[in-house]
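Participant: Provided below: data-v2.txt, containing compact mmCIF, C-alpha atoms and all ligand atoms.
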# COMPACT_ATOMS: atom_id res chain seq x y z
CA MET A 9 2.92 6.65 30.08
CA GLU A 10 0.28 7.22 27.46
CA GLU A 11 -0.18 4.21 25.22
CA ARG A 12 0.94 4.71 21.66
CA LYS A 13 -1.59 4.33 18.90
CA VAL A 14 -1.35 1.35 16.61
CA LEU A 15 -0.75 1.89 12.92
CA TYR A 16 -1.15 -0.80 10.27
CA SER A 17 -0.41 -0.96 6.58
CA ALA A 18 0.64 -3.42 3.90
CA VAL A 19 1.70 -3.69 0.29
CA GLN A 20 1.24 -6.64 -2.01
CA PRO A 21 4.39 -8.24 -3.46
CA THR A 22 2.96 -8.14 -6.96
CA ASN A 23 4.87 -6.66 -9.86
CA ASN A 24 7.47 -4.02 -9.22
CA LEU A 25 6.54 -1.13 -7.02
CA THR A 26 6.00 2.25 -8.66
CA ILE A 27 6.76 5.72 -7.41
CA GLY A 28 3.02 5.82 -6.62
CA ASN A 29 3.49 3.09 -4.03
CA TYR A 30 6.59 4.83 -2.80
CA ILE A 31 4.90 8.19 -2.30
CA GLY A 32 1.46 6.85 -1.37
CA ALA A 33 2.75 4.26 1.06
CA ILE A 34 6.36 3.65 1.96
CA THR A 35 7.71 7.19 2.52
CA ASN A 36 4.82 7.95 4.82
CA TRP A 37 5.56 4.92 6.88
CA VAL A 38 9.07 6.11 7.50
CA GLY A 39 7.75 9.37 8.92
CA LEU A 40 5.17 7.63 11.08
CA GLN A 41 7.28 4.89 12.62
CA ASN A 42 8.60 7.08 15.42
CA ASN A 43 5.20 8.07 16.70
CA TYR A 44 3.12 4.91 16.47
CA ASP A 45 3.33 1.20 17.19
CA CYS A 46 3.65 0.18 13.57
CA TYR A 47 2.85 -3.07 11.84
CA PHE A 48 3.89 -3.26 8.20
CA ALA A 49 3.05 -6.39 6.26
CA ILE A 50 3.90 -7.89 2.94
CA ALA A 51 0.46 -8.98 1.79
CA ASN A 52 1.28 -12.17 -0.10
CA MET A 53 -2.10 -13.71 0.69
CA HIS A 54 -3.77 -10.81 -1.08
CA ALA A 55 -1.34 -11.19 -3.96
CA ILE A 56 -2.58 -14.65 -4.94
CA THR A 57 -6.08 -13.34 -5.69
CA VAL A 58 -4.51 -12.68 -9.09
CA ARG A 59 -2.50 -15.56 -10.56
CA GLN A 60 1.22 -15.34 -9.70
CA VAL A 61 4.29 -17.17 -10.93
CA PRO A 62 5.51 -18.94 -7.74
CA ALA A 63 9.23 -18.26 -8.18
CA GLU A 64 8.53 -14.61 -8.90
CA LEU A 65 6.24 -14.24 -5.90
CA ARG A 66 8.94 -15.73 -3.67
CA GLN A 67 11.62 -13.47 -5.09
CA ARG A 68 9.44 -10.34 -4.94
CA THR A 69 8.68 -10.99 -1.30
CA LEU A 70 12.34 -10.64 -0.31
CA SER A 71 12.85 -7.85 -2.75
CA LEU A 72 9.95 -5.89 -1.21
CA LEU A 73 11.26 -6.51 2.29
CA ALA A 74 14.69 -5.21 1.26
CA LEU A 75 13.04 -2.22 -0.35
CA TYR A 76 11.08 -1.34 2.80
CA ILE A 77 14.29 -1.40 4.79
CA ALA A 78 16.27 0.48 2.11
CA CYS A 79 13.62 3.21 2.15
CA GLY A 80 14.11 3.64 5.88
CA VAL A 81 11.50 1.41 7.48
CA ASP A 82 13.36 0.20 10.56
CA PRO A 83 12.70 -3.41 11.64
CA GLU A 84 13.85 -2.50 15.15
CA LYS A 85 11.15 0.12 15.45
CA CYS A 86 8.32 -1.60 13.54
CA VAL A 87 6.93 -5.06 13.21
CA LEU A 88 7.81 -5.98 9.66
CA TYR A 89 6.40 -9.33 8.59
CA LEU A 90 4.98 -11.59 5.91
CA GLN A 91 1.20 -12.03 6.06
CA SER A 92 1.24 -15.80 5.42
CA HIS A 93 3.60 -16.31 8.37
CA VAL A 94 0.77 -15.41 10.74
CA PRO A 95 -2.11 -17.90 10.34
CA ALA A 96 -4.46 -15.71 12.37
CA HIS A 97 -5.09 -13.62 9.25
CA ALA A 98 -6.78 -16.48 7.43
CA GLU A 99 -8.55 -17.60 10.59
CA LEU A 100 -10.09 -14.24 11.42
CA CYS A 101 -10.96 -13.71 7.77
CA TRP A 102 -13.11 -16.82 7.90
CA VAL A 103 -15.04 -15.63 10.93
CA LEU A 104 -15.51 -12.14 9.46
CA ASN A 105 -16.82 -13.65 6.24
CA THR A 106 -19.90 -14.60 8.20
CA PHE A 107 -20.40 -10.93 9.05
CA THR A 108 -20.06 -9.71 5.49
CA TYR A 109 -22.70 -9.69 2.77
CA VAL A 110 -22.10 -10.87 -0.77
CA GLY A 111 -23.82 -7.75 -2.11
CA GLU A 112 -21.36 -5.48 -0.31
CA MET A 113 -18.40 -7.25 -1.84
CA GLU A 114 -19.90 -7.22 -5.33
CA ARG A 115 -20.21 -3.45 -5.12
CA MET A 116 -16.52 -2.83 -4.31
CA THR A 117 -14.86 -0.73 -7.00
CA GLN A 118 -11.61 -2.65 -6.92
CA PHE A 119 -13.44 -5.96 -7.26
CA LYS A 120 -15.32 -4.64 -10.28
CA ASP A 121 -12.11 -3.30 -11.85
CA LYS A 122 -10.12 -6.43 -11.23
CA SER A 123 -12.96 -8.67 -12.41
CA ALA A 124 -12.97 -6.76 -15.66
CA ARG A 125 -9.19 -7.02 -16.00
CA HIS A 126 -9.06 -10.71 -15.06
CA ALA A 127 -12.31 -11.95 -16.54
CA GLU A 128 -10.87 -15.45 -16.88
CA ASN A 129 -10.23 -15.71 -13.15
CA ILE A 130 -12.90 -14.03 -11.03
CA ASN A 131 -12.15 -16.20 -8.02
CA MET A 132 -13.67 -16.10 -4.52
CA GLY A 133 -10.44 -14.69 -3.12
CA LEU A 134 -10.72 -11.65 -5.36
CA MET A 135 -14.18 -10.99 -4.00
CA ASP A 136 -13.10 -11.72 -0.43
CA TYR A 137 -10.06 -9.44 -0.66
CA PRO A 138 -11.60 -6.66 1.49
CA VAL A 139 -12.50 -9.12 4.26
CA LEU A 140 -8.93 -10.42 4.44
CA MET A 141 -7.78 -6.82 4.58
CA THR A 142 -10.29 -6.21 7.37
CA ALA A 143 -8.83 -9.16 9.28
CA ASP A 144 -5.32 -7.72 8.80
CA ILE A 145 -6.33 -4.41 10.30
CA LEU A 146 -8.56 -5.63 13.12
CA LEU A 147 -6.19 -8.32 14.41
CA TYR A 148 -3.80 -5.65 15.65
CA GLN A 149 -6.48 -3.37 17.15
CA SER A 150 -5.22 -0.75 14.74
CA ASP A 151 -6.14 2.89 15.23
CA ILE A 152 -4.77 4.22 11.98
CA VAL A 153 -4.38 2.82 8.49
CA PRO A 154 -2.32 4.95 6.10
CA VAL A 155 -3.34 4.14 2.53
CA GLY A 156 -3.81 5.75 -0.85
CA LEU A 157 -7.25 7.01 -1.83
CA ASP A 158 -7.82 3.87 -3.88
CA GLN A 159 -8.14 1.92 -0.62
CA ARG A 160 -10.78 4.15 0.91
CA GLN A 161 -13.67 1.73 0.37
CA HIS A 162 -11.68 -1.09 1.90
CA VAL A 163 -10.98 0.80 5.10
CA GLU A 164 -14.65 1.82 5.23
CA ILE A 165 -15.75 -1.79 5.03
CA ALA A 166 -13.26 -2.69 7.77
CA ARG A 167 -14.92 -0.09 9.98
CA ASP A 168 -18.39 -1.41 9.14
CA ILE A 169 -17.45 -4.99 9.88
CA ALA A 170 -15.76 -4.04 13.16
CA GLN A 171 -18.84 -2.15 14.28
CA ARG A 172 -21.15 -4.92 13.16
CA PHE A 173 -19.22 -7.47 15.21
CA ASN A 174 -18.94 -5.18 18.23
CA ASN A 175 -22.68 -4.56 18.13
CA ALA A 176 -23.52 -8.23 17.78
CA TYR A 177 -21.39 -9.19 20.81
CA SER A 178 -19.57 -6.56 22.84
CA PRO A 179 -16.68 -4.23 22.06
CA THR A 180 -14.00 -6.49 20.59
CA PHE A 181 -12.32 -4.56 17.82
CA LYS A 182 -10.95 -1.06 17.70
CA VAL A 183 -12.71 0.77 14.84
CA PRO A 184 -9.83 1.94 12.60
CA GLU A 185 -9.45 5.21 10.72
CA ALA A 186 -7.85 5.70 7.36
CA LEU A 187 -5.08 8.26 7.01
CA TYR A 188 -4.68 9.92 3.61
CA LEU A 189 -1.92 12.31 2.81
CA LYS A 190 -2.81 15.32 0.75
CA VAL A 191 -0.40 15.92 -2.08
CA GLY A 192 0.80 12.70 -3.55
CA ALA A 193 -2.16 10.80 -2.15
CA LYS A 194 -2.84 9.75 -5.69
CA ILE A 195 -0.14 9.72 -8.34
CA GLY A 196 -1.49 9.47 -11.86
CA ASP A 197 -0.23 7.44 -14.80
CA LEU A 198 2.24 9.47 -16.88
CA LEU A 199 0.45 8.68 -20.14
CA ASP A 200 -3.10 8.85 -18.78
CA PRO A 201 -2.86 11.09 -15.70
CA THR A 202 -6.50 10.77 -14.73
CA LYS A 203 -5.82 7.09 -14.05
CA LYS A 204 -3.89 5.96 -10.99
CA MET A 205 -0.29 4.96 -11.64
CA SER A 206 -0.36 1.24 -11.04
CA LYS A 207 2.20 -1.52 -10.87
CA SER A 208 0.02 -3.67 -13.07
CA ALA A 209 -0.77 -1.08 -15.77
CA GLU A 210 -0.89 -2.39 -19.31
CA ASN A 211 1.55 0.17 -20.66
CA ALA A 212 4.73 0.18 -18.56
CA ASN A 213 5.70 3.58 -19.98
CA GLY A 214 3.02 5.24 -17.87
CA SER A 215 4.43 3.87 -14.62
CA VAL A 216 7.83 4.65 -13.14
CA PHE A 217 9.11 1.64 -11.24
CA LEU A 218 11.42 1.88 -8.26
CA SER A 219 13.66 -0.58 -10.08
CA ASP A 220 13.94 1.56 -13.25
CA ASP A 221 17.41 2.84 -14.06
CA ARG A 222 18.17 6.51 -14.62
CA ASP A 223 17.77 6.35 -18.40
CA ALA A 224 14.41 4.64 -18.21
CA ILE A 225 13.15 7.13 -15.62
CA ILE A 226 14.16 10.15 -17.66
CA ARG A 227 12.80 8.63 -20.86
CA LYS A 228 9.42 7.99 -19.22
CA PHE A 229 9.17 11.53 -17.88
CA LYS A 230 10.13 12.97 -21.25
CA ARG A 231 7.18 11.15 -22.78
CA ALA A 232 4.72 12.17 -20.07
CA VAL A 233 1.46 13.63 -21.33
CA THR A 234 0.98 17.35 -20.67
CA ASP A 235 -1.22 19.85 -22.54
CA SER A 236 -0.89 22.56 -25.16
CA GLU A 237 -0.83 25.54 -22.81
CA ALA A 238 2.91 25.64 -22.02
CA CYS A 239 2.40 26.85 -18.46
CA VAL A 240 3.52 24.98 -15.36
CA LYS A 241 0.57 25.46 -13.05
CA TYR A 242 -1.23 23.20 -10.59
CA ASP A 243 -4.79 22.72 -11.84
CA PRO A 244 -5.76 19.04 -11.63
CA GLU A 245 -9.10 19.61 -13.32
CA ASN A 246 -7.87 21.33 -16.50
CA LYS A 247 -4.20 20.33 -16.47
CA PRO A 248 -4.07 16.79 -15.06
CA GLY A 249 -0.73 15.91 -16.65
CA VAL A 250 1.19 18.97 -15.48
CA SER A 251 -0.44 18.84 -12.04
CA ASN A 252 0.56 15.20 -11.66
CA LEU A 253 4.17 16.05 -12.56
CA LEU A 254 4.11 18.89 -10.04
CA SER A 255 2.87 16.53 -7.32
CA ILE A 256 5.61 14.06 -8.14
CA TYR A 257 8.24 16.79 -8.18
CA SER A 258 6.98 18.15 -4.89
CA ALA A 259 7.04 14.73 -3.24
CA PHE A 260 10.54 13.92 -4.46
CA SER A 261 12.14 17.32 -3.90
CA GLY A 262 10.49 18.15 -0.59
CA LYS A 263 9.40 21.51 -2.02
CA SER A 264 5.78 22.60 -1.91
CA VAL A 265 3.71 22.68 -5.10
CA ALA A 266 3.63 26.49 -4.91
CA GLU A 267 7.42 26.63 -4.69
CA ALA A 268 7.69 24.27 -7.63
CA GLU A 269 5.31 26.42 -9.70
CA LYS A 270 7.52 29.42 -9.02
CA GLU A 271 10.68 27.52 -9.88
CA PHE A 272 9.30 26.53 -13.30
CA ALA A 273 7.47 29.76 -14.10
CA GLY A 274 8.31 30.50 -17.73
CA ALA A 275 10.05 27.16 -18.28
CA GLY A 276 9.11 25.00 -21.25
CA TYR A 277 7.56 21.59 -20.68
CA GLY A 278 10.69 19.89 -22.01
CA ASP A 279 12.90 21.39 -19.30
CA PHE A 280 10.26 20.87 -16.66
CA LYS A 281 9.87 17.18 -17.49
CA LEU A 282 13.61 16.64 -17.55
CA ALA A 283 13.97 18.28 -14.14
CA VAL A 284 11.25 16.07 -12.66
CA GLY A 285 12.90 12.96 -14.14
CA GLU A 286 16.33 13.89 -12.82
CA THR A 287 14.98 14.64 -9.35
CA VAL A 288 13.26 11.27 -9.19
CA ALA A 289 16.31 9.41 -10.51
CA ASP A 290 18.65 11.14 -8.03
CA ARG A 291 16.45 10.19 -5.13
CA LEU A 292 16.02 6.57 -6.17
CA ALA A 293 19.68 5.77 -6.87
CA PRO A 294 20.85 5.38 -3.23
CA ILE A 295 17.73 3.38 -2.36
CA GLN A 296 18.39 0.96 -5.20
CA ALA A 297 21.99 0.52 -4.08
CA GLU A 298 20.98 -0.18 -0.49
CA GLN A 299 18.29 -2.64 -1.60
CA ALA A 300 20.84 -4.62 -3.62
CA LYS A 301 23.17 -4.74 -0.63
CA LEU A 302 20.41 -6.06 1.63
CA LEU A 303 19.31 -8.66 -0.91
CA ALA A 304 22.81 -10.11 -0.83
CA ASP A 305 22.35 -10.85 2.90
CA LYS A 306 19.53 -13.39 2.94
CA ALA A 307 20.27 -14.53 6.49
CA TYR A 308 19.61 -11.02 7.76
CA LEU A 309 16.34 -10.72 5.84
CA ASP A 310 15.17 -14.14 7.06
CA GLY A 311 15.93 -13.04 10.61
CA VAL A 312 13.83 -9.91 10.18
CA LEU A 313 10.90 -11.99 8.94
CA ARG A 314 11.23 -14.54 11.72
CA SER A 315 11.25 -11.96 14.46
CA GLY A 316 8.48 -9.96 12.77
CA ALA A 317 6.21 -13.01 12.52
CA GLU A 318 6.72 -13.85 16.18
CA ARG A 319 5.89 -10.36 17.34
CA ALA A 320 2.91 -10.05 14.99
CA ALA A 321 1.50 -13.44 15.98
CA ARG A 322 1.63 -12.57 19.66
CA THR A 323 -0.73 -9.63 19.16
CA ALA A 324 -2.87 -11.27 16.49
CA ASN A 325 -3.48 -14.43 18.51
CA LYS A 326 -4.74 -12.43 21.46
CA THR A 327 -7.43 -10.81 19.30
CA LEU A 328 -8.31 -14.09 17.63
CA ALA A 329 -8.72 -15.83 21.02
CA LYS A 330 -11.13 -13.08 22.11
CA VAL A 331 -13.14 -13.50 18.92
CA TYR A 332 -13.32 -17.28 19.20
CA LYS A 333 -14.55 -16.97 22.75
CA LYS A 334 -17.26 -14.48 21.85
CA ILE A 335 -18.65 -16.46 18.97
CA GLY A 336 -18.82 -19.63 21.05
CA PHE A 337 -15.90 -21.71 19.81
CA TYR A 338 -15.15 -24.23 22.58
CA SER A 339 -11.55 -23.86 23.66
P1 LIG A 401 -2.03 -3.16 -8.44
O1 LIG A 401 -1.85 -2.37 -9.67
O2 LIG A 401 -1.31 -4.48 -8.45
O3 LIG A 401 -3.42 -3.21 -7.92
P2 LIG A 401 -1.11 -0.92 -6.91
O4 LIG A 401 -0.03 -0.26 -7.68
O5 LIG A 401 -2.42 -0.28 -6.84
O6 LIG A 401 -1.21 -2.43 -7.32
P3 LIG A 401 -1.14 -1.77 -4.17
O7 LIG A 401 -0.33 -2.92 -3.71
O8 LIG A 401 -2.58 -1.96 -4.40
O9 LIG A 401 -0.52 -1.11 -5.47
O10 LIG A 401 -0.92 -0.56 -3.20
C1 LIG A 401 0.08 -0.42 -2.21
C2 LIG A 401 -0.01 0.93 -1.55
O11 LIG A 401 0.39 1.95 -2.45
C3 LIG A 401 -1.41 1.33 -1.11
O12 LIG A 401 -1.37 2.03 0.11
C4 LIG A 401 -1.89 2.21 -2.23
O13 LIG A 401 -2.91 3.06 -1.83
C5 LIG A 401 -0.61 2.92 -2.60
N1 LIG A 401 -0.64 3.35 -4.00
C6 LIG A 401 -0.67 2.53 -5.06
N2 LIG A 401 -0.68 3.25 -6.20
C7 LIG A 401 -0.66 4.55 -5.83
C8 LIG A 401 -0.65 5.78 -6.54
N3 LIG A 401 -0.68 5.82 -7.86
N4 LIG A 401 -0.61 6.93 -5.84
C9 LIG A 401 -0.56 6.91 -4.51
N5 LIG A 401 -0.56 5.78 -3.77
C10 LIG A 401 -0.61 4.62 -4.42
N1 LIG A 402 -5.01 -3.84 -0.29
C1 LIG A 402 -3.88 -3.01 0.02
C2 LIG A 402 -2.76 -3.76 0.68
C3 LIG A 402 -3.20 -4.20 2.01
C4 LIG A 402 -3.46 -3.35 3.14
C5 LIG A 402 -3.86 -4.22 4.18
C6 LIG A 402 -3.38 -1.97 3.34
C7 LIG A 402 -3.45 -5.46 2.42
N2 LIG A 402 -3.85 -5.49 3.71
C8 LIG A 402 -4.21 -3.70 5.42
C9 LIG A 402 -3.72 -1.47 4.59
C10 LIG A 402 -4.14 -2.34 5.60
C11 LIG A 402 -3.41 -2.45 -1.29
O1 LIG A 402 -3.41 -3.12 -2.26
N3 LIG A 402 -3.01 -1.25 -1.28
Turn this file's structure into structure tokens for me.
Ligand code: ATP
Ligand code: LTN

Facilitator:
Amino acid sequence: MEERKVLYSAVQPTNNLTIGNYIGAITNWVGLQNNYDCYFAIANMHAITVRQVPAELRQRTLSLLALYIACGVDPEKCVLYLQSHVPAHAELCWVLNTFTYVGEMERMTQFKDKSARHAENINMGLMDYPVLMTADILLYQSDIVPVGLDQRQHVEIARDIAQRFNNAYSPTFKVPEALYLKVGAKIGDLLDPTKKMSKSAENANGSVFLSDDRDAIIRKFKRAVTDSEACVKYDPENKPGVSNLLSIYSAFSGKSVAEAEKEFAGAGYGDFKLAVGETVADRLAPIQAEQAKLLADKAYLDGVLRSGAERAARTANKTLAKVYKKIGFYS
């Protein structure tokens, strides 16, 4: 039998997830889990590169796990685990640090952005973030890494580091490829659509959270920025607000952008925005109910994490042992 390709992705348990995370990450995972050997992590080690409130971090970890499962990520089909439960991540990160240049890390867009946003805490972890992410990916000999466009540089650096190590020794790591999905690859902020919708945005009205109730969702869409043309047409360059809403509508309704344009031809922006809000709210309601049900069963969630960590560690430790041998660590 042909070996299945390995797919790896992760989300940080910081803040509440937005519909950007949902479209850019989680829904894609559900579609991919039948065709690949999937590893999906909760990246809590990445999360602490920005200061967290411990009780919240703990609570968000379980809440994110329940959300993955509520969205359809199946722990029987995938390895679903918590990054800090597998020590090999930190261990490989250390080795890879010696194959990474300070200059490269200083040039990373996300590092520059986050340094600006957290000027009081530009810690080494923030700068090292891409190397930890590289360790995540390489430990599992991943072929494919589905991410949003904002993570492009990070997957590129993972490829560079893998090749650098392979060239210095002998083939050790699979060189991974990023997988971007076209529409919905980047969901914009509702109030500033040229900016990515982010869970840590300053103005929470620009982001729709998966935990928002129906009223909040509809209110946020009603306030979304559009333009003065009164024409529902996909044109990201000249009509970023309307195009963003069309992408969101398309992702949540399953209709293509062209179909959506037709559906709203002649409609006013008010009706259009209401329809988008209602579609999103309708889709999120059953997920929210299922998440709450799962969160009430902590023993089940703990079991998922325990089994996930065991399965992840088995693969990760194999790669780490190879690396230690090649670099000359006495065993
Ligand atoms: P933060 O604001 O805390 O940096 P974030 O909202 O960017 O967080 P991440 O944890 O960095 O979220 O991202 C998790 C996953 O969701 C990644 O694969 C990322 O590319 C994807 N993602 C995040 N925001 C969007 C978005 N607006 N559109 C599409 N995908 C997104
Ligand atoms: N940095 C990513 C989350 C993440 C990740 C990974 C994604 C951590 N490790 C490995 C893909 C592969 C983010 O914030 N989106």

Participant: A:Asp136, A:Glu10, A:Asp158, A:Glu64: which is nearest ligand LIG 401 (chain A), counting all atoms listed in the file?

Facilitator: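 Result for the nearest residue to ligand LIG 401 (chain A): A:Asp158.
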
Participant: Could you pull out the residues sitting within 7 Å of ligand LIG 401 (chain A), using only C-alpha atoms and all ligand atoms, and write them as a PDB file with C-alpha atoms, keeping the file's coordinate frame?

Facilitator:
ATOM      1  CA  ALA A  18       0.640  -3.420   3.900  1.00  0.00           C
ATOM      2  CA  VAL A  19       1.700  -3.690   0.290  1.00  0.00           C
ATOM      3  CA  GLN A  20       1.240  -6.640  -2.010  1.00  0.00           C
ATOM      4  CA  THR A  22       2.960  -8.140  -6.960  1.00  0.00           C
ATOM      5  CA  ASN A  23       4.870  -6.660  -9.860  1.00  0.00           C
ATOM      6  CA  LEU A  25       6.540  -1.130  -7.020  1.00  0.00           C
ATOM      7  CA  THR A  26       6.000   2.250  -8.660  1.00  0.00           C
ATOM      8  CA  GLY A  28       3.020   5.820  -6.620  1.00  0.00           C
ATOM      9  CA  ASN A  29       3.490   3.090  -4.030  1.00  0.00           C
ATOM     10  CA  TYR A  30       6.590   4.830  -2.800  1.00  0.00           C
ATOM     11  CA  ILE A  31       4.900   8.190  -2.300  1.00  0.00           C
ATOM     12  CA  GLY A  32       1.460   6.850  -1.370  1.00  0.00           C
ATOM     13  CA  ALA A  33       2.750   4.260   1.060  1.00  0.00           C
ATOM     14  CA  PRO A 154      -2.320   4.950   6.100  1.00  0.00           C
ATOM     15  CA  VAL A 155      -3.340   4.140   2.530  1.00  0.00           C
ATOM     16  CA  GLY A 156      -3.810   5.750  -0.850  1.00  0.00           C
ATOM     17  CA  LEU A 157      -7.250   7.010  -1.830  1.00  0.00           C
ATOM     18  CA  ASP A 158      -7.820   3.870  -3.880  1.00  0.00           C
ATOM     19  CA  GLN A 159      -8.140   1.920  -0.620  1.00  0.00           C
ATOM     20  CA  GLY A 192       0.800  12.700  -3.550  1.00  0.00           C
ATOM     21  CA  ALA A 193      -2.160  10.800  -2.150  1.00  0.00           C
ATOM     22  CA  LYS A 194      -2.840   9.750  -5.690  1.00  0.00           C
ATOM     23  CA  ILE A 195      -0.140   9.720  -8.340  1.00  0.00           C
ATOM     24  CA  GLY A 196      -1.490   9.470 -11.860  1.00  0.00           C
ATOM     25  CA  LYS A 204      -3.890   5.960 -10.990  1.00  0.00           C
ATOM     26  CA  MET A 205      -0.290   4.960 -11.640  1.00  0.00           C
ATOM     27  CA  SER A 206      -0.360   1.240 -11.040  1.00  0.00           C
ATOM     28  CA  LYS A 207       2.200  -1.520 -10.870  1.00  0.00           C
ATOM     29  CA  SER A 208       0.020  -3.670 -13.070  1.00  0.00           C
ATOM     30  CA  ALA A 209      -0.770  -1.080 -15.770  1.00  0.00           C
TER      31      ALA A 209
END

Participant: Atom CA of Asp200 of chain A and atom CA of Ala78 of chain A are how many Å apart?

Facilitator: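 That distance, rounded to one decimal, is 29.7 Å.
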
Participant: Show me, as a ChimeraX atom specification, the residues that have an atom within 10 Å of Val288 of chain A when counting only C-alpha atoms, minus same-chain residues fewer than 3 positions from it.

Facilitator: /A:27,216,218,222,225-226,229,256-257,259-261,282-285,291-293

Participant: Which neighbours of segment 315-317 of chain A fall inside 10 Å, counting all atoms listed in the file, when residues of the same chain fewer than 2 positions from it are skipped, and could you give them as a ChimeraX atom specification?

Facilitator: /A:47-49,83-84,86-95,310-313,319-322

Participant: For the atom pair atom CA of Met132 of chain A and atom CA of Leu187 of chain A, what is the interatomic distance in Å to one decimal place?

Facilitator: 28.3 Å

Participant: Smallest atom-to-atom distance to Leu104 of chain A: which of A:Ile56, A:Ala289, A:Ala166, A:Ala266, using all atoms listed in the file?

Facilitator: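 Answer, going by the shortest atom-to-atom distance: A:Ala166.
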
Participant: Which residues, written as a ChimeraX atom specification, have at least one atom at most 12 Å from Ala232 of chain A, with all atoms listed in the file counted and residues fewer than 4 positions away on the same chain left out?

Facilitator: /A:196-201,213-216,225-228,248-253,277-278,280-282,284-285

Participant: Emit the selected residues as a CSV table (one decimal), in the frame of the given file, including C-alpha atoms.

Facilitator:
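Wrote result_16.csv, looks like this:
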chain,number,residue,atom,x,y,z
A,196,GLY,CA,-1.5,9.5,-11.9
A,197,ASP,CA,-0.2,7.4,-14.8
A,198,LEU,CA,2.2,9.5,-16.9
A,199,LEU,CA,0.4,8.7,-20.1
A,200,ASP,CA,-3.1,8.8,-18.8
A,201,PRO,CA,-2.9,11.1,-15.7
A,213,ASN,CA,5.7,3.6,-20.0
A,214,GLY,CA,3.0,5.2,-17.9
A,215,SER,CA,4.4,3.9,-14.6
A,216,VAL,CA,7.8,4.6,-13.1
A,225,ILE,CA,13.2,7.1,-15.6
A,226,ILE,CA,14.2,10.2,-17.7
A,227,ARG,CA,12.8,8.6,-20.9
A,228,LYS,CA,9.4,8.0,-19.2
A,248,PRO,CA,-4.1,16.8,-15.1
A,249,GLY,CA,-0.7,15.9,-16.6
A,250,VAL,CA,1.2,19.0,-15.5
A,251,SER,CA,-0.4,18.8,-12.0
A,252,ASN,CA,0.6,15.2,-11.7
A,253,LEU,CA,4.2,16.0,-12.6
A,277,TYR,CA,7.6,21.6,-20.7
A,278,GLY,CA,10.7,19.9,-22.0
A,280,PHE,CA,10.3,20.9,-16.7
A,281,LYS,CA,9.9,17.2,-17.5
A,282,LEU,CA,13.6,16.6,-17.6
A,284,VAL,CA,11.2,16.1,-12.7
A,285,GLY,CA,12.9,13.0,-14.1

Participant: Select, from A:Ile77, A:Ile165, A:Ala224, A:Ala273, the residue with the minimum atom-to-atom distance to ligand LIG 402 (chain A), counting all atoms listed in the file.

Facilitator: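 Checking each candidate against ligand LIG 402 (chain A), we get A:Ile165 as the closest.
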
Participant: Using Å and a single decimal, report how far atom CA of Asp220 of chain A sits from atom CA of Lys241 of chain A.

Facilitator: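 Interatomic distance, atom CA of Lys241 of chain A to atom CA of Asp220 of chain A: 27.4 Å.
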
Participant: Find the residues near Arg66 of chain A: any atom within 10 Å, counting only C-alpha atoms, skip ones fewer than 5 places away on the same chain, and give them as a PyMOL selection string.

Facilitator: chain A and resi 21+52+60-61+71

Participant: May I have the protein, DNA and RNA residues with any atom at most 8 Å from the point (9.7, 2.0, 3.8), counting all atoms listed in the file, written as a VMD selection string?

Facilitator: chain A and resid 30 33 to 38 75 to 82

Participant: Pick from A:Asn42, A:Thr106, A:Thr142, A:Gln67: nearest to ligand LIG 402 (chain A), with only C-alpha atoms and all ligand atoms counted?

Facilitator: A:Thr142

Participant: Measuring atom to atom with only C-alpha atoms, identify which of A:Ser219, A:Ser178, A:Leu134, A:Glu99 is nearest to Pro294 of chain A.

Facilitator: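 Smallest distance to Pro294 of chain A is found for A:Ser219.
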
Participant: Which residue, A:Ala297, A:Ile152, A:Tyr188, A:Thr180, has the smallest gap to Asp221 of chain A when you use all atoms listed in the file?

Facilitator: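 Between A:Ala297, A:Ile152, A:Tyr188, A:Thr180, the residue approaching Asp221 of chain A most closely is A:Ala297.
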
Participant: Just the residues within 12 Å of Tyr332 of chain A, please, counting all atoms listed in the file, with nothing from its chain fewer than 5 positions along; format it as a ChimeraX atom specification.

Facilitator: /A:96,99-100,102-104,177,180,325-327,337-339

Participant: How would segment 94-98 of chain A read, as a PDB file, in the frame of the given file, once N, CA, C and O atoms are built in?

Facilitator:
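The result, stored in selection-v7.pdb:
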ATOM      1  N   VAL A  94       1.633 -15.543   9.561  1.00  0.00           N
ATOM      2  CA  VAL A  94       0.770 -15.410  10.740  1.00  0.00           C
ATOM      3  C   VAL A  94      -0.618 -15.969  10.395  1.00  0.00           C
ATOM      4  O   VAL A  94      -1.461 -15.278   9.808  1.00  0.00           O
ATOM      5  N   PRO A  95      -0.876 -17.230  10.751  1.00  0.00           N
ATOM      6  CA  PRO A  95      -2.110 -17.900  10.340  1.00  0.00           C
ATOM      7  C   PRO A  95      -3.382 -17.201  10.816  1.00  0.00           C
ATOM      8  O   PRO A  95      -4.450 -17.395  10.226  1.00  0.00           O
ATOM      9  N   ALA A  96      -3.270 -16.380  11.848  1.00  0.00           N
ATOM     10  CA  ALA A  96      -4.460 -15.710  12.370  1.00  0.00           C
ATOM     11  C   ALA A  96      -5.171 -14.860  11.306  1.00  0.00           C
ATOM     12  O   ALA A  96      -6.378 -14.634  11.405  1.00  0.00           O
ATOM     13  N   HIS A  97      -4.455 -14.428  10.293  1.00  0.00           N
ATOM     14  CA  HIS A  97      -5.090 -13.620   9.250  1.00  0.00           C
ATOM     15  C   HIS A  97      -6.179 -14.427   8.526  1.00  0.00           C
ATOM     16  O   HIS A  97      -7.292 -13.961   8.328  1.00  0.00           O
ATOM     17  N   ALA A  98      -5.813 -15.642   8.134  1.00  0.00           N
ATOM     18  CA  ALA A  98      -6.780 -16.480   7.430  1.00  0.00           C
ATOM     19  C   ALA A  98      -7.905 -16.898   8.376  1.00  0.00           C
ATOM     20  O   ALA A  98      -9.074 -16.964   7.983  1.00  0.00           O
TER      21      ALA A  98
END
